[in-house]
Amino acid sequence: MRKYVRVFAFAARDQIVYMPAFLFRNIFFVVILFTFFSLWRVIFAGRAALSGFTMVQLLWYLTFTETIELSKSRSLFGIQEEVKDGTVAVTLSRPYSYVLYHLMRALGESYVKMIPMLVVGFLLATLFVGPLPGYLAALPCGIVVIALGLLITNLWLIVINLLSFWSEETMPYYWIVQKLIFILGGLFIPIDLFPQWLSGIARMLPFAFSAYWPSVTMVSFSIETFLTALGGAVFYALALGGLAAFLYGRGKRRICAQGG
Amino acid sequence: MRRGADAAGSLHTGRSAARLFSHYVRFNLGAGMEYRVSFITQVVGMFLNNSAFIVFWLVLYSNLGDINGYAFGDVMFLWALSALGFGLAGVFLGNATHLSRTICTGELDVYLLQPKPALINFLLSRMSISAWGDIAYGILLYAFTQPLDPVRAGLFVLFSLLMAFVLVSLRVFYHSTTFFLGNAEEFAATASDLVLSFALYPGSIFEGPVLLILHSLIPAALIAYIPVRLVHSFDPVTMLLLLAGDGAVMLAAWGAFRLGLRRYESGNRMGTRL
């Protein structure tokens, strides 16, 4: 296990080195939050709440969903390249689990990105709509489920990239899963605003544990919400981890190594 | 006599560019179709990717009447316009996003040595396959959500073409800063994305100094908000102003590229392009 902790630490250190570039790229975070603020300000004009969300809760909710989305690992797209150019064959002889290695690398990158995103989100949301009531009380549990949300998002990326053993191009699968997280996962809009039948289904899907549940734990904290978010996230993380291991196991049988 | 010679020269350049365009389209499409499954997956994937956002707006509008004067149909018009404009830019002038990298690696030499206008040659030489999905989405979204009035449809096509040219020009303009500042790929990609990010939301939600930025540095108004207004109530003066604005962006991009070329230093990398 120690080797995976090291991989995590190396990836985290790498990410710290590239932090200025990352922060610059995330000018997009500022813009998208400003756009959401402008949009929801118009929608909330003359309303105190919408489906149980106040304007303050809604904007803060979006800072958390966007933090998870923008902190996901970019390095995982390398899996597709490794499969395509055959580099993956070299890793077969290495004494580690390919899936776990990539997961720990991705988490090292993601968790280092997450911290400045939470700080920037805090500053922006406070500037736009004021402080979030109960922020500090929700933070210890909220951080745990946000971290698990990132774990699920990264596991999706691993699963999608492993499909490159069978498919020439996996980017379209990524776009589709990403959009399912955007919409059914509540990244763009809280699931509570959906028609009742749809919100009931969406709440139970894995996509919601990437965005909705961690964010709603932060903006309207209760022990029940936290435990639901935690239980669902652990369940789906295990399921996606298992799927990734299964896909890799099947996929590596298709590797053909020729020559030296 | 001189004017006649100039006109003949322009005509020749126009014909030559049209021939180059048609060669590149055939070549790039043929290359993309070599991997047929990948081609179809990318096109369908992009189509589904874009479709997801309809749900977002449907949910929003089911809770509201309109958003500061923008009805659901207006937002769908913005999406159809942006998808078609973005798609056309990616399919036919798809290399613009690679300009910074090409400058940095010295690979621009290849285009400078060929007997064709360097910028046009460069822009045409790459096609984004997934952008076909954007084109299909833009056309179908328009057909299903907008009134099928020929004048309105004509304006939609015109504004989509203008959007494609402006998007490409902005990319060229932003990426040309690499000639002066070193690798500005990150900046250029972010700045280009910002334009589209703003263009996909109703212009009426923004106010104050931001509006000034959206009419100048990040001209989302030029590619989206003003076209929506013109489709609703056509006004020749606004149309002329829009064309002048679009022309200014294209001219600025061309000027920045030309100016940058003077500072360009060739690479020593050996390569060939057939």
# chains A, B, ... in the order shown; residues from 1 in each chain; ligands from 1
call {"tool": "closest_atom_pairs", "arguments": {"of": "chain A", "to": "chain B", "cutoff": "9 Å", "atoms": "only C-alpha atoms", "output": "CSV"}}
result
residue,atom,partner,partner_atom,distance
A:Ala21,CA,B:Glu186,CA,8.3
A:Phe24,CA,B:Phe187,CA,8.2
A:Arg25,CA,B:Thr190,CA,6.8
A:Asn26,CA,B:Thr190,CA,8.7
A:Ile27,CA,B:Thr190,CA,7.9
A:Phe28,CA,B:Thr190,CA,7.2
A:Val31,CA,B:Leu194,CA,7.7
A:Ile32,CA,B:Ser197,CA,7.8
A:Thr35,CA,B:Phe198,CA,7.4
A:Ser38,CA,B:Ile205,CA,5.6
A:Leu39,CA,B:Ile205,CA,5.7
A:Trp40,CA,B:Ile205,CA,8.9
A:Arg41,CA,B:Ile205,CA,8.3
A:Val42,CA,B:Ile205,CA,6.6
A:Ile43,CA,B:Ile67,CA,6.8
A:Leu50,CA,B:Asn63,CA,8.6
A:Ser167,CA,B:Ser38,CA,7.8
A:Glu168,CA,B:Ser38,CA,5.8
A:Glu169,CA,B:Ser38,CA,5.6
A:Thr170,CA,B:Thr41,CA,8.5
A:Met171,CA,B:Gln42,CA,7.5
A:Pro172,CA,B:Gly45,CA,4.5
A:Tyr173,CA,B:Gly45,CA,6.9
A:Tyr174,CA,B:Gly45,CA,8.8
A:Trp175,CA,B:Asn49,CA,5.7
A:Ile176,CA,B:Asn49,CA,5.5
A:Val177,CA,B:Asn49,CA,8.8
A:Gln178,CA,B:Asn49,CA,8.3
A:Lys179,CA,B:Ala52,CA,6.1
A:Leu180,CA,B:Ala52,CA,7.5
A:Phe182,CA,B:Ala52,CA,8.3
A:Ile183,CA,B:Phe56,CA,6.5
A:Phe188,CA,B:Phe56,CA,7.4
A:Ile189,CA,B:Phe56,CA,7.1
A:Leu193,CA,B:Val59,CA,7.0
A:Phe194,CA,B:Val59,CA,6.1
A:Pro195,CA,B:Val59,CA,8.0
call {"tool": "write_last_selection", "arguments": {"atoms": "C-alpha atoms", "output": "mmCIF file, in the first residue's frame"}}
result
data_model
loop_
_atom_site.group_PDB
_atom_site.id
_atom_site.type_symbol
_atom_site.label_atom_id
_atom_site.label_comp_id
_atom_site.auth_asym_id
_atom_site.auth_seq_id
_atom_site.Cartn_x
_atom_site.Cartn_y
_atom_site.Cartn_z
ATOM 1 C CA ALA A 21 -0.884 27.525 -14.482
ATOM 2 C CA PHE A 24 -4.820 30.822 -14.478
ATOM 3 C CA ARG A 25 -6.770 28.159 -16.352
ATOM 4 C CA ASN A 26 -9.455 28.434 -13.722
ATOM 5 C CA ILE A 27 -10.353 31.924 -14.669
ATOM 6 C CA PHE A 28 -13.129 29.865 -16.228
ATOM 7 C CA VAL A 31 -16.537 33.384 -15.246
ATOM 8 C CA ILE A 32 -18.938 30.488 -14.856
ATOM 9 C CA THR A 35 -22.602 33.831 -15.221
ATOM 10 C CA SER A 38 -26.177 36.811 -13.160
ATOM 11 C CA LEU A 39 -28.659 34.158 -14.307
ATOM 12 C CA TRP A 40 -29.966 33.135 -10.894
ATOM 13 C CA ARG A 41 -30.190 36.748 -9.694
ATOM 14 C CA VAL A 42 -32.745 37.343 -12.455
ATOM 15 C CA ILE A 43 -34.576 34.095 -11.681
ATOM 16 C CA LEU A 50 -37.032 28.032 -5.178
ATOM 17 C CA SER A 167 -13.109 1.461 -28.909
ATOM 18 C CA GLU A 168 -10.887 3.650 -31.111
ATOM 19 C CA GLU A 169 -12.171 6.852 -29.530
ATOM 20 C CA THR A 170 -13.426 7.141 -25.947
ATOM 21 C CA MET A 171 -13.902 10.903 -25.772
ATOM 22 C CA PRO A 172 -17.584 10.701 -26.812
ATOM 23 C CA TYR A 173 -18.300 8.368 -23.857
ATOM 24 C CA TYR A 174 -16.650 10.923 -21.613
ATOM 25 C CA TRP A 175 -18.821 13.719 -23.023
ATOM 26 C CA ILE A 176 -21.963 11.698 -22.371
ATOM 27 C CA VAL A 177 -21.074 10.725 -18.782
ATOM 28 C CA GLN A 178 -19.940 14.286 -18.102
ATOM 29 C CA LYS A 179 -23.289 15.636 -19.312
ATOM 30 C CA LEU A 180 -25.160 13.060 -17.214
ATOM 31 C CA PHE A 182 -24.049 18.004 -15.357
ATOM 32 C CA ILE A 183 -27.774 17.368 -15.594
ATOM 33 C CA PHE A 188 -25.693 22.753 -13.219
ATOM 34 C CA ILE A 189 -28.957 22.807 -11.367
ATOM 35 C CA LEU A 193 -35.828 21.658 -9.193
ATOM 36 C CA PHE A 194 -36.630 18.690 -11.458
ATOM 37 C CA PRO A 195 -40.148 17.271 -11.729
#
call {"tool": "residues_around", "arguments": {"residues": "B:Leu170", "least_positions_apart": "6", "cutoff": "8 Å", "atoms": "only C-alpha atoms", "output": "mmCIF file with C-alpha atoms, in the first residue's frame"}}
result
data_model
loop_
_atom_site.group_PDB
_atom_site.id
_atom_site.type_symbol
_atom_site.label_atom_id
_atom_site.label_comp_id
_atom_site.auth_asym_id
_atom_site.auth_seq_id
_atom_site.Cartn_x
_atom_site.Cartn_y
_atom_site.Cartn_z
ATOM 1 C CA SER B 192 -11.714 31.749 -26.942
ATOM 2 C CA VAL B 249 -12.617 41.537 -35.661
ATOM 3 C CA MET B 250 -11.537 39.685 -38.824
ATOM 4 C CA ALA B 253 -7.016 38.986 -36.502
#
call {"tool": "residues_around", "arguments": {"residues": "A:Gly232", "least_positions_apart": "3", "cutoff": "12 Å", "atoms": "only C-alpha atoms", "output": "MDAnalysis selection string"}}
result
chainID A and resid 145 148:149 152 203:210 212:214 225:229 235:239
call {"tool": "select_by_dssp", "arguments": {"residues": "stretch 207-269 of chain B", "states": "helix (DSSP H, G or I)", "output": "PDB file with N, CA and C atoms, in the first residue's frame"}}
result
ATOM      1  N   PRO B 209     -20.572  47.203 -16.310  1.00  0.00           N
ATOM      2  CA  PRO B 209     -19.336  47.196 -17.111  1.00  0.00           C
ATOM      3  C   PRO B 209     -19.125  45.893 -17.889  1.00  0.00           C
ATOM      4  N   VAL B 210     -19.724  44.814 -17.395  1.00  0.00           N
ATOM      5  CA  VAL B 210     -19.562  43.522 -18.093  1.00  0.00           C
ATOM      6  C   VAL B 210     -20.081  43.624 -19.523  1.00  0.00           C
ATOM      7  N   LEU B 211     -21.169  44.374 -19.682  1.00  0.00           N
ATOM      8  CA  LEU B 211     -21.753  44.526 -21.021  1.00  0.00           C
ATOM      9  C   LEU B 211     -20.746  45.147 -21.987  1.00  0.00           C
ATOM     10  N   LEU B 212     -19.958  46.069 -21.460  1.00  0.00           N
ATOM     11  CA  LEU B 212     -18.941  46.722 -22.296  1.00  0.00           C
ATOM     12  C   LEU B 212     -17.911  45.686 -22.766  1.00  0.00           C
ATOM     13  N   ILE B 213     -17.520  44.810 -21.846  1.00  0.00           N
ATOM     14  CA  ILE B 213     -16.552  43.754 -22.198  1.00  0.00           C
ATOM     15  C   ILE B 213     -17.156  42.805 -23.233  1.00  0.00           C
ATOM     16  N   LEU B 214     -18.454  42.502 -23.060  1.00  0.00           N
ATOM     17  CA  LEU B 214     -19.108  41.560 -23.979  1.00  0.00           C
ATOM     18  C   LEU B 214     -19.348  42.173 -25.360  1.00  0.00           C
ATOM     19  N   ALA B 220     -19.213  38.492 -27.196  1.00  0.00           N
ATOM     20  CA  ALA B 220     -20.365  37.573 -27.253  1.00  0.00           C
ATOM     21  C   ALA B 220     -21.581  38.286 -27.850  1.00  0.00           C
ATOM     22  N   ALA B 221     -21.661  39.597 -27.626  1.00  0.00           N
ATOM     23  CA  ALA B 221     -22.797  40.361 -28.169  1.00  0.00           C
ATOM     24  C   ALA B 221     -22.789  40.302 -29.690  1.00  0.00           C
ATOM     25  N   LEU B 222     -21.584  40.372 -30.243  1.00  0.00           N
ATOM     26  CA  LEU B 222     -21.444  40.405 -31.701  1.00  0.00           C
ATOM     27  C   LEU B 222     -21.878  39.079 -32.337  1.00  0.00           C
ATOM     28  N   ILE B 223     -21.536  37.985 -31.670  1.00  0.00           N
ATOM     29  CA  ILE B 223     -21.843  36.687 -32.290  1.00  0.00           C
ATOM     30  C   ILE B 223     -23.209  36.148 -31.890  1.00  0.00           C
ATOM     31  N   ALA B 224     -23.781  36.633 -30.798  1.00  0.00           N
ATOM     32  CA  ALA B 224     -25.033  36.011 -30.344  1.00  0.00           C
ATOM     33  C   ALA B 224     -26.155  36.992 -30.006  1.00  0.00           C
ATOM     34  N   TYR B 225     -25.885  37.934 -29.119  1.00  0.00           N
ATOM     35  CA  TYR B 225     -26.996  38.761 -28.615  1.00  0.00           C
ATOM     36  C   TYR B 225     -27.587  39.667 -29.699  1.00  0.00           C
ATOM     37  N   ILE B 226     -26.731  40.306 -30.492  1.00  0.00           N
ATOM     38  CA  ILE B 226     -27.243  41.200 -31.547  1.00  0.00           C
ATOM     39  C   ILE B 226     -27.977  40.380 -32.614  1.00  0.00           C
ATOM     40  N   PRO B 227     -27.442  39.229 -33.082  1.00  0.00           N
ATOM     41  CA  PRO B 227     -28.223  38.403 -34.012  1.00  0.00           C
ATOM     42  C   PRO B 227     -29.610  38.029 -33.481  1.00  0.00           C
ATOM     43  N   VAL B 228     -29.720  37.705 -32.195  1.00  0.00           N
ATOM     44  CA  VAL B 228     -31.047  37.356 -31.637  1.00  0.00           C
ATOM     45  C   VAL B 228     -31.986  38.549 -31.782  1.00  0.00           C
ATOM     46  N   ARG B 229     -31.462  39.735 -31.479  1.00  0.00           N
ATOM     47  CA  ARG B 229     -32.280  40.955 -31.573  1.00  0.00           C
ATOM     48  C   ARG B 229     -32.703  41.183 -33.023  1.00  0.00           C
ATOM     49  N   LEU B 230     -31.783  40.957 -33.947  1.00  0.00           N
ATOM     50  CA  LEU B 230     -32.088  41.188 -35.370  1.00  0.00           C
ATOM     51  C   LEU B 230     -33.105  40.179 -35.911  1.00  0.00           C
ATOM     52  N   VAL B 231     -33.052  38.978 -35.417  1.00  0.00           N
ATOM     53  CA  VAL B 231     -34.020  37.980 -35.873  1.00  0.00           C
ATOM     54  C   VAL B 231     -35.421  38.364 -35.397  1.00  0.00           C
ATOM     55  N   HIS B 232     -35.486  38.933 -34.204  1.00  0.00           N
ATOM     56  CA  HIS B 232     -36.784  39.370 -33.662  1.00  0.00           C
ATOM     57  C   HIS B 232     -37.333  40.570 -34.410  1.00  0.00           C
ATOM     58  N   PRO B 236     -31.918  47.504 -40.528  1.00  0.00           N
ATOM     59  CA  PRO B 236     -30.747  47.558 -41.420  1.00  0.00           C
ATOM     60  C   PRO B 236     -29.536  48.259 -40.807  1.00  0.00           C
ATOM     61  N   VAL B 237     -29.788  49.275 -39.982  1.00  0.00           N
ATOM     62  CA  VAL B 237     -28.649  50.016 -39.393  1.00  0.00           C
ATOM     63  C   VAL B 237     -27.882  49.099 -38.424  1.00  0.00           C
ATOM     64  N   THR B 238     -28.641  48.404 -37.586  1.00  0.00           N
ATOM     65  CA  THR B 238     -27.984  47.475 -36.636  1.00  0.00           C
ATOM     66  C   THR B 238     -27.236  46.388 -37.407  1.00  0.00           C
ATOM     67  N   MET B 239     -27.862  45.932 -38.508  1.00  0.00           N
ATOM     68  CA  MET B 239     -27.233  44.891 -39.320  1.00  0.00           C
ATOM     69  C   MET B 239     -25.895  45.384 -39.876  1.00  0.00           C
ATOM     70  N   LEU B 240     -25.905  46.626 -40.374  1.00  0.00           N
ATOM     71  CA  LEU B 240     -24.669  47.189 -40.926  1.00  0.00           C
ATOM     72  C   LEU B 240     -23.602  47.325 -39.840  1.00  0.00           C
ATOM     73  N   LEU B 241     -24.067  47.763 -38.665  1.00  0.00           N
ATOM     74  CA  LEU B 241     -23.118  47.904 -37.548  1.00  0.00           C
ATOM     75  C   LEU B 241     -22.534  46.546 -37.155  1.00  0.00           C
ATOM     76  N   LEU B 242     -23.394  45.524 -37.200  1.00  0.00           N
ATOM     77  CA  LEU B 242     -22.934  44.169 -36.880  1.00  0.00           C
ATOM     78  C   LEU B 242     -21.880  43.715 -37.891  1.00  0.00           C
ATOM     79  N   LEU B 243     -22.178  43.942 -39.177  1.00  0.00           N
ATOM     80  CA  LEU B 243     -21.219  43.535 -40.218  1.00  0.00           C
ATOM     81  C   LEU B 243     -19.899  44.285 -40.054  1.00  0.00           C
ATOM     82  N   ALA B 244     -20.013  45.581 -39.717  1.00  0.00           N
ATOM     83  CA  ALA B 244     -18.792  46.377 -39.519  1.00  0.00           C
ATOM     84  C   ALA B 244     -17.997  45.822 -38.336  1.00  0.00           C
ATOM     85  N   GLY B 245     -18.714  45.467 -37.260  1.00  0.00           N
ATOM     86  CA  GLY B 245     -18.057  44.911 -36.069  1.00  0.00           C
ATOM     87  C   GLY B 245     -17.365  43.598 -36.400  1.00  0.00           C
ATOM     88  N   ASP B 246     -18.080  42.719 -37.108  1.00  0.00           N
ATOM     89  CA  ASP B 246     -17.504  41.426 -37.495  1.00  0.00           C
ATOM     90  C   ASP B 246     -16.265  41.637 -38.380  1.00  0.00           C
ATOM     91  N   GLY B 247     -16.406  42.568 -39.328  1.00  0.00           N
ATOM     92  CA  GLY B 247     -15.288  42.880 -40.234  1.00  0.00           C
ATOM     93  C   GLY B 247     -14.087  43.380 -39.453  1.00  0.00           C
ATOM     94  N   ALA B 248     -14.348  44.211 -38.438  1.00  0.00           N
ATOM     95  CA  ALA B 248     -13.237  44.758 -37.642  1.00  0.00           C
ATOM     96  C   ALA B 248     -12.501  43.640 -36.914  1.00  0.00           C
ATOM     97  N   VAL B 249     -13.256  42.666 -36.379  1.00  0.00           N
ATOM     98  CA  VAL B 249     -12.617  41.537 -35.661  1.00  0.00           C
ATOM     99  C   VAL B 249     -11.747  40.736 -36.638  1.00  0.00           C
ATOM    100  N   MET B 250     -12.299  40.474 -37.839  1.00  0.00           N
ATOM    101  CA  MET B 250     -11.537  39.685 -38.824  1.00  0.00           C
ATOM    102  C   MET B 250     -10.270  40.423 -39.252  1.00  0.00           C
ATOM    103  N   LEU B 251     -10.421  41.726 -39.462  1.00  0.00           N
ATOM    104  CA  LEU B 251      -9.276  42.548 -39.868  1.00  0.00           C
ATOM    105  C   LEU B 251      -8.208  42.573 -38.772  1.00  0.00           C
ATOM    106  N   ALA B 252      -8.681  42.697 -37.523  1.00  0.00           N
ATOM    107  CA  ALA B 252      -7.743  42.729 -36.390  1.00  0.00           C
ATOM    108  C   ALA B 252      -6.969  41.408 -36.319  1.00  0.00           C
ATOM    109  N   ALA B 253      -7.674  40.301 -36.552  1.00  0.00           N
ATOM    110  CA  ALA B 253      -7.016  38.986 -36.502  1.00  0.00           C
ATOM    111  C   ALA B 253      -5.971  38.869 -37.604  1.00  0.00           C
ATOM    112  N   TRP B 254      -6.371  39.275 -38.811  1.00  0.00           N
ATOM    113  CA  TRP B 254      -5.454  39.207 -39.949  1.00  0.00           C
ATOM    114  C   TRP B 254      -4.235  40.087 -39.696  1.00  0.00           C
ATOM    115  N   GLY B 255      -4.484  41.302 -39.160  1.00  0.00           N
ATOM    116  CA  GLY B 255      -3.393  42.248 -38.867  1.00  0.00           C
ATOM    117  C   GLY B 255      -2.455  41.688 -37.818  1.00  0.00           C
ATOM    118  N   ALA B 256      -3.037  41.097 -36.759  1.00  0.00           N
ATOM    119  CA  ALA B 256      -2.198  40.545 -35.672  1.00  0.00           C
ATOM    120  C   ALA B 256      -1.324  39.416 -36.211  1.00  0.00           C
ATOM    121  N   PHE B 257      -1.884  38.590 -37.087  1.00  0.00           N
ATOM    122  CA  PHE B 257      -1.123  37.466 -37.649  1.00  0.00           C
ATOM    123  C   PHE B 257       0.002  37.986 -38.533  1.00  0.00           C
ATOM    124  N   ARG B 258      -0.325  38.960 -39.401  1.00  0.00           N
ATOM    125  CA  ARG B 258       0.681  39.529 -40.318  1.00  0.00           C
ATOM    126  C   ARG B 258       1.818  40.177 -39.530  1.00  0.00           C
ATOM    127  N   LEU B 259       1.420  40.935 -38.511  1.00  0.00           N
ATOM    128  CA  LEU B 259       2.408  41.616 -37.679  1.00  0.00           C
ATOM    129  C   LEU B 259       3.283  40.596 -36.948  1.00  0.00           C
ATOM    130  N   GLY B 260       2.628  39.558 -36.471  1.00  0.00           N
ATOM    131  CA  GLY B 260       3.347  38.495 -35.757  1.00  0.00           C
ATOM    132  C   GLY B 260       4.339  37.783 -36.649  1.00  0.00           C
ATOM    133  N   LEU B 261       3.949  37.578 -37.918  1.00  0.00           N
ATOM    134  CA  LEU B 261       4.834  36.871 -38.855  1.00  0.00           C
ATOM    135  C   LEU B 261       6.184  37.567 -38.984  1.00  0.00           C
ATOM    136  N   ARG B 262       6.160  38.904 -38.853  1.00  0.00           N
ATOM    137  CA  ARG B 262       7.433  39.649 -38.975  1.00  0.00           C
ATOM    138  C   ARG B 262       8.391  39.275 -37.861  1.00  0.00           C
ATOM    139  N   ARG B 263       7.822  38.852 -36.721  1.00  0.00           N
ATOM    140  CA  ARG B 263       8.676  38.491 -35.576  1.00  0.00           C
ATOM    141  C   ARG B 263       8.965  36.991 -35.533  1.00  0.00           C
TER     142      ARG B 263
END
call {"tool": "atom_distance", "arguments": {"atom1": "atom CA of A:Leu62", "atom2": "atom CA of A:Leu155"}}
result
21.8 Å
call {"tool": "atom_distance", "arguments": {"atom1": "atom CA of B:Thr105", "atom2": "atom CA of A:Glu82"}}
result
23.7 Å
call {"tool": "closest_residue", "arguments": {"among": "B:Ser176, B:Ser216, B:Ser233, B:Thr13", "to": "B:Cys104", "atoms": "only C-alpha atoms"}}
result
B:Ser176
call {"tool": "residues_around", "arguments": {"residues": "A:Cys141", "least_positions_apart": "6", "cutoff": "9 Å", "atoms": "only C-alpha atoms", "output": "count of residues only"}}
result
5
call {"tool": "residues_around", "arguments": {"residues": "A:Asp85", "least_positions_apart": "6", "cutoff": "12 Å", "atoms": "only C-alpha atoms", "output": "VMD selection string"}}
result
chain A and resid 78 to 79 164 to 165 168 255 to 257
call {"tool": "atom_distance", "arguments": {"atom1": "atom CA of B:Pro147", "atom2": "atom CA of B:Ile135"}}
result
18.8 Å
call {"tool": "closest_residue", "arguments": {"among": "B:Ala17, B:Glu265, B:Ala71, B:Gly87", "to": "B:Phe122", "atoms": "only C-alpha atoms"}}
result
B:Ala17
call {"tool": "closest_residue", "arguments": {"among": "B:Ser22, B:Ser169, B:Thr145, B:Ser266", "to": "B:Glu107", "atoms": "only C-alpha atoms"}}
result
B:Ser266
call {"tool": "closest_residue", "arguments": {"among": "B:Val151, B:Ala80, B:Ala89, B:Ala188", "to": "B:Val166", "atoms": "only C-alpha atoms"}}
result
B:Ala89
